[in-house]
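Visitor: Provided below: entry_3.cif, containing mmCIF, C-alpha atoms.
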```cif
data_input
loop_
_atom_site.label_atom_id
_atom_site.label_comp_id
_atom_site.auth_asym_id
_atom_site.auth_seq_id
_atom_site.Cartn_x
_atom_site.Cartn_y
_atom_site.Cartn_z
CA MET A 1 16.87 59.22 -5.97
CA PRO A 2 13.52 57.40 -5.52
CA THR A 3 12.31 56.72 -1.99
CA ARG A 4 11.60 53.22 -0.69
CA ARG A 5 7.87 53.83 -1.15
CA GLN A 6 8.40 55.00 -4.73
CA THR A 7 10.53 51.93 -5.44
CA LEU A 8 7.81 49.68 -4.05
CA SER A 9 5.16 51.44 -6.15
CA LEU A 10 7.25 51.08 -9.30
CA ALA A 11 7.80 47.40 -8.61
CA LEU A 12 4.10 46.79 -8.08
CA ALA A 13 3.32 48.70 -11.24
CA ALA A 14 5.71 46.41 -13.09
CA GLY A 15 3.62 43.43 -12.02
CA LEU A 16 5.64 42.13 -9.08
CA THR A 17 3.66 40.74 -6.16
CA PRO A 18 4.20 42.11 -2.64
CA SER A 19 5.90 38.83 -1.61
CA VAL A 20 8.41 39.14 -4.44
CA VAL A 21 9.06 42.77 -3.54
CA ARG A 22 9.68 41.76 0.09
CA ALA A 23 12.05 39.02 -1.01
CA GLN A 24 14.02 41.59 -3.04
CA ALA A 25 14.54 43.74 0.05
CA TRP A 26 17.21 41.38 1.45
CA ARG A 27 19.76 39.06 -0.07
CA PRO A 28 22.09 36.68 1.79
CA SER A 29 25.77 37.60 1.56
CA ARG A 30 27.01 33.99 1.66
CA PRO A 31 25.60 30.45 1.41
CA ILE A 32 22.76 29.59 3.80
CA ARG A 33 23.03 26.58 6.11
CA LEU A 34 19.81 24.58 6.29
CA ILE A 35 20.23 22.44 9.40
CA VAL A 36 18.59 19.01 9.22
CA PRO A 37 18.73 17.64 12.79
CA PHE A 38 18.71 14.01 11.67
CA ALA A 39 20.95 11.70 9.66
CA PRO A 40 20.72 11.71 5.84
CA GLY A 41 17.88 9.76 4.25
CA GLY A 42 15.12 10.76 6.66
CA SER A 43 12.03 12.83 5.92
CA ASN A 44 13.51 16.22 6.85
CA ASP A 45 16.57 15.53 4.71
CA ILE A 46 14.43 14.54 1.73
CA VAL A 47 11.99 17.45 2.01
CA GLY A 48 14.80 19.93 2.64
CA ARG A 49 16.70 18.85 -0.46
CA ILE A 50 13.60 18.98 -2.67
CA ILE A 51 12.90 22.63 -1.87
CA ALA A 52 16.38 24.02 -1.14
CA GLU A 53 17.48 24.36 -4.77
CA ALA A 54 14.45 26.41 -5.82
CA ALA A 55 14.68 28.63 -2.74
CA ALA A 56 18.39 29.18 -3.42
CA GLN A 57 17.63 30.37 -6.94
CA THR A 58 15.26 32.99 -5.55
CA LEU A 59 17.72 34.14 -2.89
CA GLY A 60 20.80 34.18 -5.12
CA GLN A 61 22.98 32.07 -2.82
CA PRO A 62 23.39 28.30 -2.39
CA ILE A 63 21.51 26.59 0.42
CA VAL A 64 23.72 23.92 1.93
CA ILE A 65 22.07 20.99 3.71
CA GLU A 66 23.92 20.27 6.97
CA ASN A 67 22.93 17.12 8.87
CA ARG A 68 23.38 17.56 12.64
CA ALA A 69 21.86 14.39 14.03
CA GLY A 70 21.44 13.44 17.67
CA ALA A 71 19.14 13.61 20.70
CA GLY A 72 15.96 13.29 18.66
CA SER A 73 16.71 16.56 16.77
CA MET A 74 17.72 18.63 19.82
CA ILE A 75 21.39 18.99 18.83
CA GLY A 76 20.58 20.56 15.49
CA ALA A 77 17.68 22.62 16.80
CA GLU A 78 19.78 24.07 19.62
CA LEU A 79 22.51 24.96 17.14
CA VAL A 80 20.01 27.08 15.19
CA ALA A 81 18.46 28.57 18.33
CA ARG A 82 21.91 29.84 19.37
CA ALA A 83 23.03 30.92 15.87
CA ALA A 84 23.37 34.54 14.80
CA PRO A 85 19.94 35.80 13.67
CA ASP A 86 21.24 37.01 10.32
CA GLY A 87 19.36 34.69 7.96
CA HIS A 88 22.31 32.44 7.19
CA THR A 89 21.46 29.54 9.55
CA ILE A 90 17.96 28.03 9.46
CA LEU A 91 16.23 24.80 10.47
CA ILE A 92 13.79 22.25 9.10
CA ASN A 93 12.50 19.94 11.83
CA SER A 94 9.36 17.82 11.83
CA ALA A 95 10.11 16.87 15.47
CA HIS A 96 10.04 20.49 16.61
CA ALA A 97 6.62 20.18 18.26
CA THR A 98 6.99 16.60 19.47
CA VAL A 99 10.25 17.02 21.40
CA PRO A 100 8.86 19.20 24.24
CA ALA A 101 5.83 16.92 24.44
CA ILE A 102 7.93 13.88 25.38
CA VAL A 103 11.38 15.08 26.56
CA ALA A 104 11.73 16.27 30.15
CA ARG A 105 14.41 18.94 29.69
CA VAL A 106 14.79 20.62 26.31
CA PRO A 107 17.72 23.10 26.08
CA TYR A 108 15.69 25.68 24.14
CA ASP A 109 12.09 26.82 23.79
CA SER A 110 10.47 25.47 20.63
CA VAL A 111 8.31 28.57 20.28
CA THR A 112 10.04 31.62 21.75
CA ASP A 113 13.56 30.80 20.51
CA PHE A 114 12.53 30.66 16.84
CA VAL A 115 10.89 32.65 14.05
CA GLY A 116 8.64 30.87 11.54
CA LEU A 117 9.42 31.04 7.83
CA ALA A 118 7.27 28.40 6.11
CA VAL A 119 5.78 24.91 6.43
CA GLY A 120 7.09 22.35 3.97
CA GLY A 121 3.93 20.27 4.16
CA PHE A 122 2.15 17.57 6.13
CA SER A 123 2.56 13.80 6.05
CA PRO A 124 1.25 10.87 8.09
CA HIS A 125 3.47 8.20 9.56
CA VAL A 126 3.16 4.62 8.36
CA LEU A 127 2.97 1.39 10.37
CA VAL A 128 5.40 -0.99 8.67
CA VAL A 129 7.04 -4.35 9.26
CA ASN A 130 9.98 -6.20 7.80
CA PRO A 131 8.58 -8.57 5.13
CA GLN A 132 9.77 -11.56 7.17
CA VAL A 133 7.26 -10.72 9.92
CA GLN A 134 4.23 -13.01 9.72
CA ALA A 135 1.63 -10.26 9.81
CA ARG A 136 -0.15 -8.82 6.81
CA THR A 137 -2.58 -6.55 8.66
CA ALA A 138 -2.34 -4.27 11.67
CA GLN A 139 -4.67 -6.54 13.63
CA GLU A 140 -2.50 -9.56 12.86
CA LEU A 141 0.56 -7.60 14.02
CA VAL A 142 -1.07 -6.68 17.33
CA ALA A 143 -2.04 -10.32 17.89
CA LEU A 144 1.49 -11.47 17.03
CA LEU A 145 3.10 -8.98 19.42
CA LYS A 146 0.74 -9.88 22.24
CA ALA A 147 1.43 -13.59 21.72
CA ASN A 148 5.19 -12.98 21.79
CA PRO A 149 5.87 -10.33 24.47
CA GLY A 150 9.36 -8.86 24.28
CA ARG A 151 10.36 -10.82 21.18
CA PHE A 152 10.06 -7.99 18.64
CA ASN A 153 11.73 -4.57 18.46
CA PHE A 154 10.23 -1.30 17.28
CA GLY A 155 12.59 1.05 15.39
CA SER A 156 12.49 4.76 16.23
CA ALA A 157 14.33 7.90 15.04
CA GLY A 158 15.49 9.12 18.46
CA ILE A 159 13.87 10.16 21.74
CA GLY A 160 11.44 13.01 21.07
CA SER A 161 11.18 12.42 17.34
CA GLY A 162 7.82 12.09 15.63
CA VAL A 163 8.62 8.42 15.00
CA HIS A 164 9.09 7.98 18.75
CA VAL A 165 5.74 9.63 19.46
CA ALA A 166 4.01 7.34 16.97
CA ALA A 167 5.73 4.30 18.50
CA GLU A 168 4.70 5.23 22.04
CA LEU A 169 1.15 5.88 20.87
CA PHE A 170 0.98 2.47 19.16
CA ARG A 171 2.47 0.69 22.17
CA SER A 172 0.17 2.39 24.66
CA ILE A 173 -3.10 2.08 22.75
CA THR A 174 -2.60 -1.52 21.60
CA GLN A 175 -1.08 -2.59 24.95
CA VAL A 176 1.68 -4.63 23.31
CA ASN A 177 5.01 -5.50 24.92
CA VAL A 178 7.61 -4.37 22.38
CA GLU A 179 10.95 -2.63 22.96
CA ILE A 180 11.55 0.71 21.23
CA VAL A 181 15.07 0.96 19.79
CA GLN A 182 16.33 4.49 19.13
CA TYR A 183 18.41 5.42 16.07
CA ARG A 184 19.95 8.74 14.98
CA GLY A 185 17.18 9.58 12.53
CA GLY A 186 14.48 8.24 10.26
CA GLY A 187 16.94 7.13 7.60
CA PRO A 188 18.96 4.82 9.89
CA SER A 189 15.80 3.42 11.46
CA VAL A 190 14.41 2.50 8.03
CA VAL A 191 17.72 0.87 7.09
CA ALA A 192 17.49 -1.19 10.29
CA LEU A 193 13.92 -2.20 9.44
CA VAL A 194 14.84 -3.34 5.93
CA ALA A 195 17.80 -5.31 7.31
CA GLY A 196 15.64 -7.00 9.94
CA GLU A 197 17.64 -5.49 12.80
CA VAL A 198 14.27 -4.31 14.10
CA GLN A 199 10.99 -5.77 12.92
CA VAL A 200 8.33 -3.09 13.38
CA GLY A 201 8.32 0.67 12.85
CA SER A 202 6.22 3.79 12.37
CA PRO A 203 8.51 5.82 10.08
CA THR A 204 7.56 8.95 8.26
CA MET A 205 6.11 8.39 4.83
CA ALA A 206 8.95 10.39 3.27
CA SER A 207 11.66 8.12 4.69
CA SER A 208 9.85 4.85 4.00
CA ILE A 209 7.77 5.29 0.85
CA GLY A 210 10.55 4.13 -1.48
CA GLN A 211 11.08 0.91 0.47
CA VAL A 212 7.32 0.29 0.72
CA ARG A 213 6.90 0.67 -3.03
CA ALA A 214 9.94 -1.52 -3.72
CA GLY A 215 8.86 -4.26 -1.32
CA GLY A 216 11.62 -3.72 1.23
CA LEU A 217 8.98 -2.96 3.85
CA ARG A 218 5.35 -4.02 4.21
CA ALA A 219 2.96 -1.19 5.06
CA LEU A 220 0.05 -2.21 7.28
CA ALA A 221 -1.57 1.18 7.86
CA VAL A 222 -1.19 4.87 7.17
CA LEU A 223 -1.53 6.58 10.55
CA SER A 224 -4.17 9.08 9.47
CA GLU A 225 -7.95 9.32 9.33
CA GLN A 226 -7.99 8.91 5.54
CA ARG A 227 -5.90 6.99 3.04
CA SER A 228 -2.97 8.76 1.43
CA GLN A 229 -2.83 9.44 -2.30
CA ALA A 230 0.85 8.48 -2.14
CA LEU A 231 -0.02 4.95 -0.91
CA PRO A 232 -3.63 4.47 -2.03
CA ASP A 233 -3.68 0.71 -1.44
CA VAL A 234 -2.67 0.98 2.24
CA PRO A 235 -5.60 1.29 4.69
CA SER A 236 -5.97 4.23 7.05
CA ALA A 237 -5.61 3.64 10.79
CA PRO A 238 -9.40 3.38 11.36
CA GLU A 239 -9.75 0.99 8.41
CA ALA A 240 -6.89 -1.10 9.80
CA GLY A 241 -8.56 -1.43 13.20
CA ILE A 242 -6.26 0.92 15.15
CA PRO A 243 -8.32 4.14 15.12
CA GLY A 244 -6.51 5.70 18.06
CA VAL A 245 -3.09 5.46 16.43
CA ILE A 246 -3.16 8.69 14.40
CA HIS A 247 0.03 10.65 13.90
CA GLU A 248 0.83 13.22 11.24
CA GLU A 249 4.03 15.23 11.01
CA PHE A 250 4.60 18.70 9.60
CA PHE A 251 7.81 20.36 8.47
CA PRO A 252 8.30 23.86 9.93
CA ILE A 253 11.17 25.89 8.50
CA LEU A 254 12.54 28.21 11.18
CA ALA A 255 15.15 30.88 11.89
CA PRO A 256 16.59 31.99 15.23
CA ALA A 257 14.53 34.40 17.34
CA GLY A 258 15.61 37.97 16.73
CA THR A 259 15.94 37.54 12.98
CA PRO A 260 14.95 40.94 11.51
CA ALA A 261 11.53 41.03 9.88
CA PRO A 262 12.85 41.89 6.36
CA ILE A 263 15.18 38.88 6.46
CA ALA A 264 12.47 36.54 7.74
CA ALA A 265 10.08 37.85 5.07
CA ALA A 266 12.61 37.26 2.29
CA LEU A 267 13.42 33.74 3.47
CA GLY A 268 9.75 32.94 4.00
CA SER A 269 8.80 34.15 0.53
CA ALA A 270 11.61 32.15 -1.09
CA PHE A 271 10.73 28.92 0.70
CA GLN A 272 6.99 29.31 0.25
CA THR A 273 7.51 29.77 -3.50
CA ALA A 274 9.83 26.75 -3.61
CA ILE A 275 7.23 24.63 -1.78
CA GLN A 276 4.50 25.66 -4.21
CA GLN A 277 6.72 24.97 -7.22
CA ASN A 278 7.61 21.51 -5.92
CA ALA A 279 4.23 20.45 -4.53
CA GLY A 280 3.95 17.56 -6.99
CA ARG A 281 7.45 16.27 -6.24
CA LEU A 282 6.87 16.53 -2.49
CA THR A 283 3.76 14.38 -2.75
CA GLU A 284 5.20 11.86 -5.21
CA LEU A 285 8.65 11.43 -3.67
CA ALA A 286 7.91 12.03 0.00
CA GLY A 287 4.18 11.64 0.57
CA VAL A 288 4.14 15.25 1.79
CA THR A 289 1.20 17.53 1.01
CA PRO A 290 1.67 21.32 1.18
CA ARG A 291 -1.23 23.33 2.62
CA ALA A 292 -2.15 26.98 2.45
CA GLY A 293 -2.51 29.16 5.52
CA TYR A 294 1.09 29.40 6.71
CA GLU A 295 2.29 32.51 4.90
CA THR A 296 3.29 34.50 7.97
CA SER A 297 5.70 33.86 10.83
CA GLU A 298 2.82 34.08 13.28
CA GLN A 299 0.88 31.36 11.45
CA VAL A 300 3.89 29.03 11.38
CA MET A 301 4.62 29.49 15.08
CA ALA A 302 0.94 29.09 15.98
CA LEU A 303 1.07 25.69 14.29
CA VAL A 304 4.15 24.76 16.33
CA ARG A 305 2.52 25.93 19.57
CA GLU A 306 -0.68 24.01 18.82
CA GLY A 307 1.40 20.93 17.96
CA VAL A 308 3.22 21.00 21.30
CA GLU A 309 -0.09 21.25 23.14
CA ARG A 310 -1.78 18.54 21.06
CA TYR A 311 1.06 16.02 21.26
CA SER A 312 1.48 16.65 25.00
CA LYS A 313 -2.19 15.89 25.60
CA ILE A 314 -2.13 12.79 23.38
CA LEU A 315 0.88 11.34 25.18
CA ARG A 316 -0.33 12.17 28.71
CA ASP A 317 -3.76 10.72 27.92
CA ALA A 318 -2.01 7.59 26.64
CA GLY A 319 -0.06 7.35 29.90
CA VAL A 320 3.34 8.06 28.34
CA PRO A 321 5.54 9.97 30.84
CA LEU A 322 8.12 12.59 30.02
CA GLN A 323 11.48 10.99 29.27
CA GLU A 324 15.06 12.00 29.90
CA PRO A 325 17.01 12.98 26.77
CA SER A 326 19.52 10.44 25.51
#
```
Using the file provided, produce a representation of the structure as structure tokens.
Guide:
Amino acid sequence: MPTRRQTLSLALAAGLTPSVVRAQAWRPSRPIRLIVPFAPGGSNDIVGRIIAEAAAQTLGQPIVIENRAGAGSMIGAELVARAAPDGHTILINSAHATVPAIVARVPYDSVTDFVGLAVGGFSPHVLVVNPQVQARTAQELVALLKANPGRFNFGSAGIGSGVHVAAELFRSITQVNVEIVQYRGGGPSVVALVAGEVQVGSPTMASSIGQVRAGGLRALAVLSEQRSQALPDVPSAPEAGIPGVIHEEFFPILAPAGTPAPIAAALGSAFQTAIQQNAGRLTELAGVTPRAGYETSEQVMALVREGVERYSKILRDAGVPLQEPS
């Protein structure tokens, strides 16, 4: 009977890449739960669904999207942190690095309680208004909010979410008096914006791009240094006159700490392949751009760690205090 080394050598000789060989070393024994810690229709839900089918084909088992919304993603993230580290419960969460930067007491550690698998991509947030708002530029919006303190509401996706961070950043830097209203995810907050329940928002591009293109929302700025290919006619934050309001989210895919290395490698390989295969769809449908350089667990978790540090500094410099979870 061939040894493991001989099997690996034969596989490589047959033209299989090391990542494919690693993925073949473990197979899930039942469907995998991909926890989305927000309501359906938000950016994590959209990105997760785009890549789950392709990853499932590689792994040989279905990947079931399970929405566990609440507490700005903490309910779903804690569920995964406490799950058995057997590869059958994983997380996608663009708020993973923002939560500890703005929430006073998080019931898990965003770095040490998780193992990195992949990064679904990067996407800026978008400053939008309901079309009934009499502002067609970011500067006009700031002037309108300052002239009408307390009259307008700003829709957010929950305390600690990336949308919340962007909202606090906008409010602090522009010095406007606007109330932030928290919803159970990006999807519900966008619905509220379209309905006029709230008038202003900084949703993720993934959750809002369809409404922007259809005219349900008016985009005033993409909150990045450069324009986005997904919304080429919308000015960047510096072009719109709000250069300090820069906020980009990323989508880490994570497993519980203690997940054995062969399982993490197989999951990581499957999701990284799925992301590469669907790069065009991610950009077109969600405004998400995959990037190289996150092929190992260490690279993924380094990105999370750097995000926590960066967002914490941005918020403290902006004078935003830590908040109690809802």
Visitor: Please, what distance in Å, to one decimal, runs between CA of Ser228 (chain A) and CA of Pro131 (chain A)?
Guide: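 Those two atoms sit 21.2 Å apart.
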Visitor: Just to confirm, what's the straight-line distance from CA of Lys146 (chain A) to CA of Gln211 (chain A) in Å (one decimal)?
Guide: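 Those two atoms sit 26.4 Å apart.
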Visitor: Residue by residue, what does the PyMOL selection byres ((chain A and resi 77) around 10) grab here? Present the result as a PyMOL selection string.
Guide: chain A and resi 35-37+68-76+78-83+90-93+95-96+107-110+113-114+254-256
Visitor: Can you translate the PyMOL selection byres ((chain A and resi 186) around 7) into the concrete residues it hits in this file, as a VMD selection string?
Guide: chain A and resid 42 to 43 157 185 187 to 190 203 207
Visitor: I'd like the neighbourhood of Pro31 (chain A) as a list in words, where a residue qualifies if any of its atoms comes within 8 Å (using all atoms listed in the file), though same-chain residues fewer than 6 positions away should be ignored.
Guide: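 After dropping sequence-adjacent residues, the list is Gln61, Pro62, Ile63, Val64 and His88 of chain A.
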Visitor: In Å, rounded to a single decimal, give me how far CA of Ala206 (chain A) is from CA of Arg30 (chain A).
Guide: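 Result for CA of Arg30 (chain A) versus CA of Ala206 (chain A): 29.8 Å, one decimal.
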Visitor: Skip Gly120 (chain A) itself and residues of its chain fewer than 5 positions away, then list as number ranges by chain all residues within 10 Å of it, counting only C-alpha atoms.
Guide: A: 44, 47-48, 50-51, 92-94, 250-253, 271-272, 274-276, 278-279, 282, 288-291, 294
